[in-house]
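Inspection log for the structure reproduced underneath, given as structure tokens.
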Amino acid sequence: MQIERRPLLAAALALVAAPVAAPVAAQTVRPANMPAAMPPAVAPTPLPPPPTDALLKLVDRLLRLEEDGLDPRHYGIPDSSLAASDPAAYRTALHAASAAALSDLLVGRVRDLPGRPDLRRDISGVNIEAWMAELAATPDPAALLDRAALRPPGAAALKAELARQRQIAAQPWSPIPGEATIDPGMVDAQRVPLLRARLAVEDPILAAAPDAGAVYDRVLEEAVRRWQAANGLEVDGRVGRISIGLLNRPLTARVDQIRVALDMRRGAAPPSAERRVEVNVPDYRLQVMEGDRELLGMAVIVGRPDRATPMMAVRLTAIQFNPPWGVPERNAREDLLPRFRRDPQAMMERGFRVFSLVGGERMEIDPRTIDWSSINPQRFPYFVRQDAGDSSALGRLKFIMPNSEDIFLHDTPDRHLFRRPDRAFSSGCIRLAEPNALMALLLTGTPGWDLPRAERALASRATSVVSLARSLPVRLHYNTVMVEAGGRVRIRPDIYRLDAAYARAMANASRPLVAGVARPALANQTASR
């Protein structure tokens, strides 16, 4: 901002920058959004306030907090009229707004959320007290906020992508009606032009191409394929129900995803140096990491949205060879009951067995003798188990990590699903593309076990368990926005709407933002300058 463009504010800030009283003792201050566990910072001996141009820069910087994914309205930025009428009060309010913004830039606006143990902060590693002391003393507070904003890994790339997505979101477009698939070569005078217009909002190649009107031509198909690849969908050029749903989502949703990604990185705990398993659920990917080094990576299948994989931090303790599957009640009544009604003999051939409690004891029942049509799905009276075998839903390997949700990693016979880029198909557990590779890595260091012995255990067809000599931490986390090599930002769909929930929490933070600042102390401090 040029000072001469805002002469009235510049003149008012000149009053603010003027010393108004003799110095007084240093005061203890606490930004309203500083975590309660932190000791308040003790301000250094008051220095002369920043010059007028620095104050103009600070006001401008606070008004540009949207660049960082924050909302300037949350920080009580004082009106310029207050600078002329009450310079001391203006200094107090401006410092309070700056301190609140600095705190959020350093340790995140959302500190934790219910059901999100994957959100890990290391506030002690930020040394926020030192930052607050520097804010009180610096002649250029705007530069300090800039430095704090770029502190999280990948922040510069994310801020650039945020600006780009905001430009895209500002362009007009209309939703695509219906759910019927739009195939290449189709002619549709309503839906094809709407599809073209929607993609042209974010695809400059398509926007610059000739408009083929109602015809789904090759140029549009290539744009659809680019869009599908960027969004982690099957790249086939066919625009079906899932693609239409994503295309019709407000473009501001991606803006919010990047805002959330920035906030999640602020004050985030550094990765452990310990060997560990990381599963990024919306990216459908598992990694075995040691520090920053990837030892193993593979595709995974996660829970579908109505049976979402829960976020958790647990430890992997054992491997089970040839595991049977104790079918959860929900799976039995929603998934298996229709199949038993159609063909109980086929279910038996796939290893499914049915049990009932008789006199307090579990007794097996021949599923062919049950009138499945009379079974009420809401009161499913049986226990169902699938024996170990090639057709078992758990495949040949189960990786045990004790938890209250009964979530585990496992093999699967449905190998074809890993060819899909969108892989939210399970009932909550994690299916592995390369279970044998994970098994080999985990057994390293377990006495008496090596790969040949593990292969013999699998080939035996008998169910057995080996406890690991060293359990590994497992973290199931939710990151839809990744910064890749070269600063490229990749955005996955928000399959469980957890980013949307986080964005709402950013807007509805219950903690006081500015009102809780110790205003009398700040007033004394600023009056002394």
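Simple scheme: letters A, B, ... for chains in structure tokens order, numbers from 1 for residues in each chain, numbers from 1 for ligands in the order shown.
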(message) If we count only C-alpha atoms and set the cut-off at 8 Å, which residues sit around Phe425 (chain A), ignoring sequence neighbours fewer than 6 positions away in its own chain? Please answer as a list of chain:residue names.
(response)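 Counting only C-alpha atoms, the residues come to A:Ile301, A:Val302, A:Gly303, A:Arg304.
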Can I get the selection written as a compact mmCIF listing (two decimals), in the first residue's frame, with N, CA, C and O atoms?
# COMPACT_ATOMS: atom_id res chain seq x y z
N ILE A 301 -7.13 -49.66 0.34
CA ILE A 301 -8.58 -49.43 0.23
C ILE A 301 -9.07 -49.08 1.63
O ILE A 301 -8.72 -49.76 2.60
N VAL A 302 -9.87 -48.03 1.73
CA VAL A 302 -10.33 -47.55 3.03
C VAL A 302 -11.86 -47.63 3.10
O VAL A 302 -12.53 -48.01 2.14
N GLY A 303 -12.40 -47.24 4.24
CA GLY A 303 -13.84 -47.31 4.46
C GLY A 303 -14.62 -46.38 3.56
O GLY A 303 -14.21 -45.25 3.31
N ARG A 304 -15.75 -46.85 3.10
CA ARG A 304 -16.61 -46.00 2.29
C ARG A 304 -17.22 -44.92 3.20
O ARG A 304 -17.20 -45.06 4.44
(request) Would you please extract all strand (DSSP E or B) residues from region 235-397 of chain A, as assigned by DSSP on the backbone, and give them as a ChimeraX atom specification? (result) /A:239,268,275-280,285-290,293-303,312-321,325-326,352-358,361-365,383-386,397
Output file for the selection above: N, CA and C atoms, as a compact mmCIF listing (two decimals), in the first residue's frame:
# COMPACT_ATOMS: atom_id res chain seq x y z
N VAL A 239 -18.30 -39.33 -17.43
CA VAL A 239 -18.70 -38.46 -16.34
C VAL A 239 -19.97 -39.04 -15.72
N ALA A 268 2.43 -28.13 13.95
CA ALA A 268 2.30 -29.59 13.90
C ALA A 268 3.53 -30.26 14.49
N ARG A 275 10.60 -46.00 13.52
CA ARG A 275 9.94 -46.66 12.40
C ARG A 275 8.44 -46.71 12.69
N ARG A 276 7.62 -46.41 11.70
CA ARG A 276 6.19 -46.28 11.95
C ARG A 276 5.41 -46.52 10.67
N VAL A 277 4.11 -46.77 10.83
CA VAL A 277 3.19 -46.96 9.70
C VAL A 277 2.27 -45.75 9.64
N GLU A 278 2.22 -45.10 8.48
CA GLU A 278 1.35 -43.94 8.27
C GLU A 278 0.35 -44.30 7.17
N VAL A 279 -0.93 -44.12 7.43
CA VAL A 279 -1.96 -44.33 6.42
C VAL A 279 -2.71 -43.02 6.23
N ASN A 280 -2.55 -42.43 5.05
CA ASN A 280 -3.30 -41.22 4.71
C ASN A 280 -4.60 -41.67 4.05
N ARG A 285 -3.29 -44.36 0.71
CA ARG A 285 -1.89 -44.74 0.64
C ARG A 285 -1.34 -45.05 2.03
N LEU A 286 -0.55 -46.12 2.09
CA LEU A 286 0.18 -46.51 3.30
C LEU A 286 1.66 -46.34 3.06
N GLN A 287 2.35 -45.83 4.09
CA GLN A 287 3.81 -45.73 4.05
C GLN A 287 4.37 -46.29 5.35
N VAL A 288 5.47 -47.01 5.24
CA VAL A 288 6.28 -47.33 6.40
C VAL A 288 7.46 -46.37 6.37
N MET A 289 7.56 -45.56 7.41
CA MET A 289 8.54 -44.48 7.45
C MET A 289 9.53 -44.70 8.57
N GLU A 290 10.73 -44.19 8.37
CA GLU A 290 11.74 -44.11 9.43
C GLU A 290 12.33 -42.72 9.33
N ARG A 293 12.41 -40.93 5.81
CA ARG A 293 12.71 -41.89 4.74
C ARG A 293 11.60 -42.92 4.62
N GLU A 294 11.11 -43.11 3.39
CA GLU A 294 10.08 -44.12 3.14
C GLU A 294 10.73 -45.47 2.91
N LEU A 295 10.37 -46.46 3.74
CA LEU A 295 10.87 -47.81 3.57
C LEU A 295 9.96 -48.65 2.68
N LEU A 296 8.65 -48.33 2.70
CA LEU A 296 7.69 -49.09 1.92
C LEU A 296 6.48 -48.20 1.68
N GLY A 297 5.94 -48.27 0.48
CA GLY A 297 4.72 -47.53 0.17
C GLY A 297 3.80 -48.40 -0.68
N MET A 298 2.50 -48.27 -0.46
CA MET A 298 1.56 -49.06 -1.24
C MET A 298 0.18 -48.42 -1.24
N ALA A 299 -0.62 -48.82 -2.21
CA ALA A 299 -2.02 -48.40 -2.27
C ALA A 299 -2.83 -49.15 -1.24
N VAL A 300 -3.87 -48.51 -0.74
CA VAL A 300 -4.78 -49.16 0.21
C VAL A 300 -6.22 -48.86 -0.19
N ILE A 301 -7.13 -49.66 0.34
CA ILE A 301 -8.58 -49.43 0.23
C ILE A 301 -9.07 -49.08 1.63
N VAL A 302 -9.87 -48.03 1.73
CA VAL A 302 -10.33 -47.55 3.03
C VAL A 302 -11.86 -47.63 3.10
N GLY A 303 -12.40 -47.24 4.24
CA GLY A 303 -13.84 -47.31 4.46
C GLY A 303 -14.62 -46.38 3.56
N MET A 312 -6.94 -42.65 14.01
CA MET A 312 -6.46 -43.20 15.28
C MET A 312 -4.95 -43.27 15.31
N ALA A 313 -4.42 -43.40 16.51
CA ALA A 313 -2.99 -43.63 16.73
C ALA A 313 -2.88 -44.83 17.65
N VAL A 314 -2.38 -45.96 17.11
CA VAL A 314 -2.31 -47.22 17.84
C VAL A 314 -0.95 -47.86 17.57
N ARG A 315 -0.78 -49.11 18.01
CA ARG A 315 0.46 -49.83 17.73
C ARG A 315 0.13 -51.18 17.12
N LEU A 316 0.91 -51.55 16.11
CA LEU A 316 0.77 -52.84 15.44
C LEU A 316 1.60 -53.85 16.20
N THR A 317 0.95 -54.90 16.71
CA THR A 317 1.62 -55.81 17.65
C THR A 317 1.82 -57.22 17.13
N ALA A 318 1.01 -57.66 16.14
CA ALA A 318 1.07 -59.06 15.73
C ALA A 318 0.59 -59.23 14.30
N ILE A 319 0.95 -60.39 13.72
CA ILE A 319 0.49 -60.78 12.39
C ILE A 319 -0.24 -62.11 12.52
N GLN A 320 -1.41 -62.21 11.90
CA GLN A 320 -2.16 -63.46 11.88
C GLN A 320 -2.13 -64.04 10.48
N PHE A 321 -1.71 -65.28 10.38
CA PHE A 321 -1.70 -65.99 9.10
C PHE A 321 -3.02 -66.73 8.92
N TRP A 325 -12.76 -64.71 9.60
CA TRP A 325 -13.40 -63.40 9.74
C TRP A 325 -14.66 -63.53 10.58
N GLY A 326 -14.63 -62.92 11.74
CA GLY A 326 -15.84 -62.81 12.54
C GLY A 326 -16.63 -61.61 12.04
N PHE A 352 -18.69 -69.32 4.58
CA PHE A 352 -19.48 -68.66 5.61
C PHE A 352 -20.21 -69.71 6.46
N ARG A 353 -20.16 -69.51 7.78
CA ARG A 353 -20.82 -70.41 8.73
C ARG A 353 -21.70 -69.57 9.64
N VAL A 354 -22.83 -70.15 10.05
CA VAL A 354 -23.83 -69.43 10.84
C VAL A 354 -23.97 -70.09 12.20
N PHE A 355 -24.01 -69.27 13.25
CA PHE A 355 -24.10 -69.77 14.62
C PHE A 355 -25.23 -69.05 15.35
N SER A 356 -25.79 -69.76 16.34
CA SER A 356 -26.83 -69.18 17.19
C SER A 356 -26.54 -69.58 18.63
N LEU A 357 -27.02 -68.79 19.57
CA LEU A 357 -26.88 -69.11 20.98
C LEU A 357 -28.03 -70.01 21.41
N VAL A 358 -27.69 -71.19 21.91
CA VAL A 358 -28.68 -72.15 22.39
C VAL A 358 -28.28 -72.54 23.80
N GLU A 361 -24.86 -71.47 24.83
CA GLU A 361 -23.73 -71.98 24.06
C GLU A 361 -23.92 -71.66 22.59
N ARG A 362 -22.82 -71.41 21.91
CA ARG A 362 -22.88 -71.10 20.48
C ARG A 362 -22.94 -72.39 19.68
N MET A 363 -24.00 -72.53 18.90
CA MET A 363 -24.21 -73.75 18.12
C MET A 363 -24.26 -73.39 16.64
N GLU A 364 -23.63 -74.23 15.80
CA GLU A 364 -23.66 -73.99 14.37
C GLU A 364 -24.96 -74.48 13.76
N ILE A 365 -25.47 -73.69 12.78
CA ILE A 365 -26.72 -74.01 12.10
C ILE A 365 -26.44 -74.09 10.60
N PHE A 383 -24.78 -65.22 14.54
CA PHE A 383 -23.38 -64.85 14.40
C PHE A 383 -22.88 -65.51 13.12
N VAL A 384 -22.12 -64.76 12.33
CA VAL A 384 -21.61 -65.29 11.07
C VAL A 384 -20.09 -65.23 11.09
N ARG A 385 -19.48 -66.30 10.65
CA ARG A 385 -18.01 -66.35 10.54
C ARG A 385 -17.65 -66.90 9.18
N GLN A 386 -16.57 -66.35 8.61
CA GLN A 386 -16.04 -66.90 7.35
C GLN A 386 -14.72 -67.57 7.65
N LEU A 397 -3.67 -62.66 5.25
CA LEU A 397 -2.91 -61.99 6.31
C LEU A 397 -3.75 -60.93 6.99
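Using only C-alpha atoms, the protein and nucleic acid residues lying no more than 9 Å from Ala308 (chain A), apart from those fewer than 5 places from it along its own chain, are Val302, Gly303, Ala424, Ser426, Ser427, Gly428, Cys429, Ile495 and Tyr496 of chain A.
Note that the spacing between CA of Pro139 (chain A) and CA of Leu262 (chain A) amounts to 27.1 Å.
Atom to atom, CA of Leu199 (chain A) and CA of Arg225 (chain A) stand 10.8 Å apart.
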(request) Excluding Ala253 (chain A) and residues on its chain fewer than 4 positions from it, collect all residues at most 8 Å away from it, counting only C-alpha atoms, and give them as a count of residues only. (result) 3
What's the 6 Å shell around region 75-84 of chain A, counting only C-alpha atoms, without same-chain residues fewer than 3 positions away, as a PDB file with all heavy atoms, in the first residue's frame?
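out-v8.pdb written:
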ATOM      1  N   ALA A  12      -3.742   9.777  10.786  1.00  0.00           N
ATOM      2  CA  ALA A  12      -4.158   9.241  12.078  1.00  0.00           C
ATOM      3  C   ALA A  12      -3.074   8.359  12.682  1.00  0.00           C
ATOM      4  O   ALA A  12      -2.792   8.419  13.892  1.00  0.00           O
ATOM      5  CB  ALA A  12      -5.453   8.445  11.914  1.00  0.00           C
ATOM      6  N   PRO A  72      -9.798 -12.148   8.370  1.00  0.00           N
ATOM      7  CA  PRO A  72      -9.443 -10.940   9.133  1.00  0.00           C
ATOM      8  C   PRO A  72     -10.525 -10.498  10.112  1.00  0.00           C
ATOM      9  O   PRO A  72     -10.223  -9.861  11.127  1.00  0.00           O
ATOM     10  CB  PRO A  72      -9.230  -9.884   8.032  1.00  0.00           C
ATOM     11  CG  PRO A  72      -8.918 -10.667   6.799  1.00  0.00           C
ATOM     12  CD  PRO A  72      -9.701 -11.935   6.912  1.00  0.00           C
ATOM     13  N   PRO A  87      -5.608   7.524  20.163  1.00  0.00           N
ATOM     14  CA  PRO A  87      -4.411   6.806  19.696  1.00  0.00           C
ATOM     15  C   PRO A  87      -4.002   5.666  20.606  1.00  0.00           C
ATOM     16  O   PRO A  87      -3.614   4.597  20.131  1.00  0.00           O
ATOM     17  CB  PRO A  87      -3.342   7.894  19.643  1.00  0.00           C
ATOM     18  CG  PRO A  87      -4.107   9.166  19.479  1.00  0.00           C
ATOM     19  CD  PRO A  87      -5.381   8.981  20.239  1.00  0.00           C
ATOM     20  N   TYR A  90      -6.259   2.740  20.098  1.00  0.00           N
ATOM     21  CA  TYR A  90      -5.997   2.145  18.794  1.00  0.00           C
ATOM     22  C   TYR A  90      -4.756   1.254  18.862  1.00  0.00           C
ATOM     23  O   TYR A  90      -4.763   0.128  18.336  1.00  0.00           O
ATOM     24  CB  TYR A  90      -5.808   3.237  17.748  1.00  0.00           C
ATOM     25  CG  TYR A  90      -5.649   2.695  16.339  1.00  0.00           C
ATOM     26  CD1 TYR A  90      -6.752   2.432  15.549  1.00  0.00           C
ATOM     27  CD2 TYR A  90      -4.381   2.429  15.809  1.00  0.00           C
ATOM     28  CE1 TYR A  90      -6.621   1.926  14.268  1.00  0.00           C
ATOM     29  CE2 TYR A  90      -4.234   1.915  14.534  1.00  0.00           C
ATOM     30  CZ  TYR A  90      -5.359   1.679  13.762  1.00  0.00           C
ATOM     31  OH  TYR A  90      -5.224   1.162  12.497  1.00  0.00           O
ATOM     32  N   ALA A  93      -5.687  -1.995  20.624  1.00  0.00           N
ATOM     33  CA  ALA A  93      -6.468  -2.911  19.796  1.00  0.00           C
ATOM     34  C   ALA A  93      -5.639  -3.486  18.652  1.00  0.00           C
ATOM     35  O   ALA A  93      -5.771  -4.668  18.306  1.00  0.00           O
ATOM     36  CB  ALA A  93      -7.697  -2.190  19.256  1.00  0.00           C
ATOM     37  N   ALA A  97      -4.927  -7.431  18.051  1.00  0.00           N
ATOM     38  CA  ALA A  97      -5.223  -8.117  16.793  1.00  0.00           C
ATOM     39  C   ALA A  97      -3.983  -8.799  16.237  1.00  0.00           C
ATOM     40  O   ALA A  97      -4.039  -9.936  15.756  1.00  0.00           O
ATOM     41  CB  ALA A  97      -5.783  -7.118  15.781  1.00  0.00           C
TER      42      ALA A  97
END
(message) As an exercise, work out the distance from CA of Leu417 (chain A) to CA of Leu442 (chain A) in Å and give it to one decimal place.
(response) 24.7 Å
(request) Give the answer as one residue: which of A:Leu458, A:Leu246, A:Ala332, A:Met439 has the shortest atom-to-atom distance to Asp390 (chain A), using only C-alpha atoms? (result) A:Leu458
(request) Fewer than 2 positions away in the same chain doesn't count, so skip those; otherwise give me all residues within 12 Å of Ala143 (chain A), counting only C-alpha atoms, as a list in words. (result)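 Here the qualifying residues turn out to be Ala54, Leu55, Lys57, Leu58, Val59, Asp60, Arg61, Leu62, Ser98, Leu102, Glu134, Leu135, Thr138, Pro139, Asp140, Pro141, Leu145, Asp146, Arg147, Ala148, Ala149 and Leu150 of chain A.
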(request) Mind checking which residues fall within 12 Å of Glu349 (chain A), counting only C-alpha atoms, ignoring those fewer than 5 positions away in the same chain, and posting them as a list in words? (result)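 The filter keeps Phe340, Asp343, Pro344, Pro367, Arg368, Gln386, Asp387, Gly389, Asp390, Ser391 and Ser392 of chain A.
Of the residues under consideration (A:Ile123, A:Ile128, A:Val107, A:Val481), A:Val481 shows the shortest atom-to-atom contact distance to Ala261 (chain A) when counting only C-alpha atoms.
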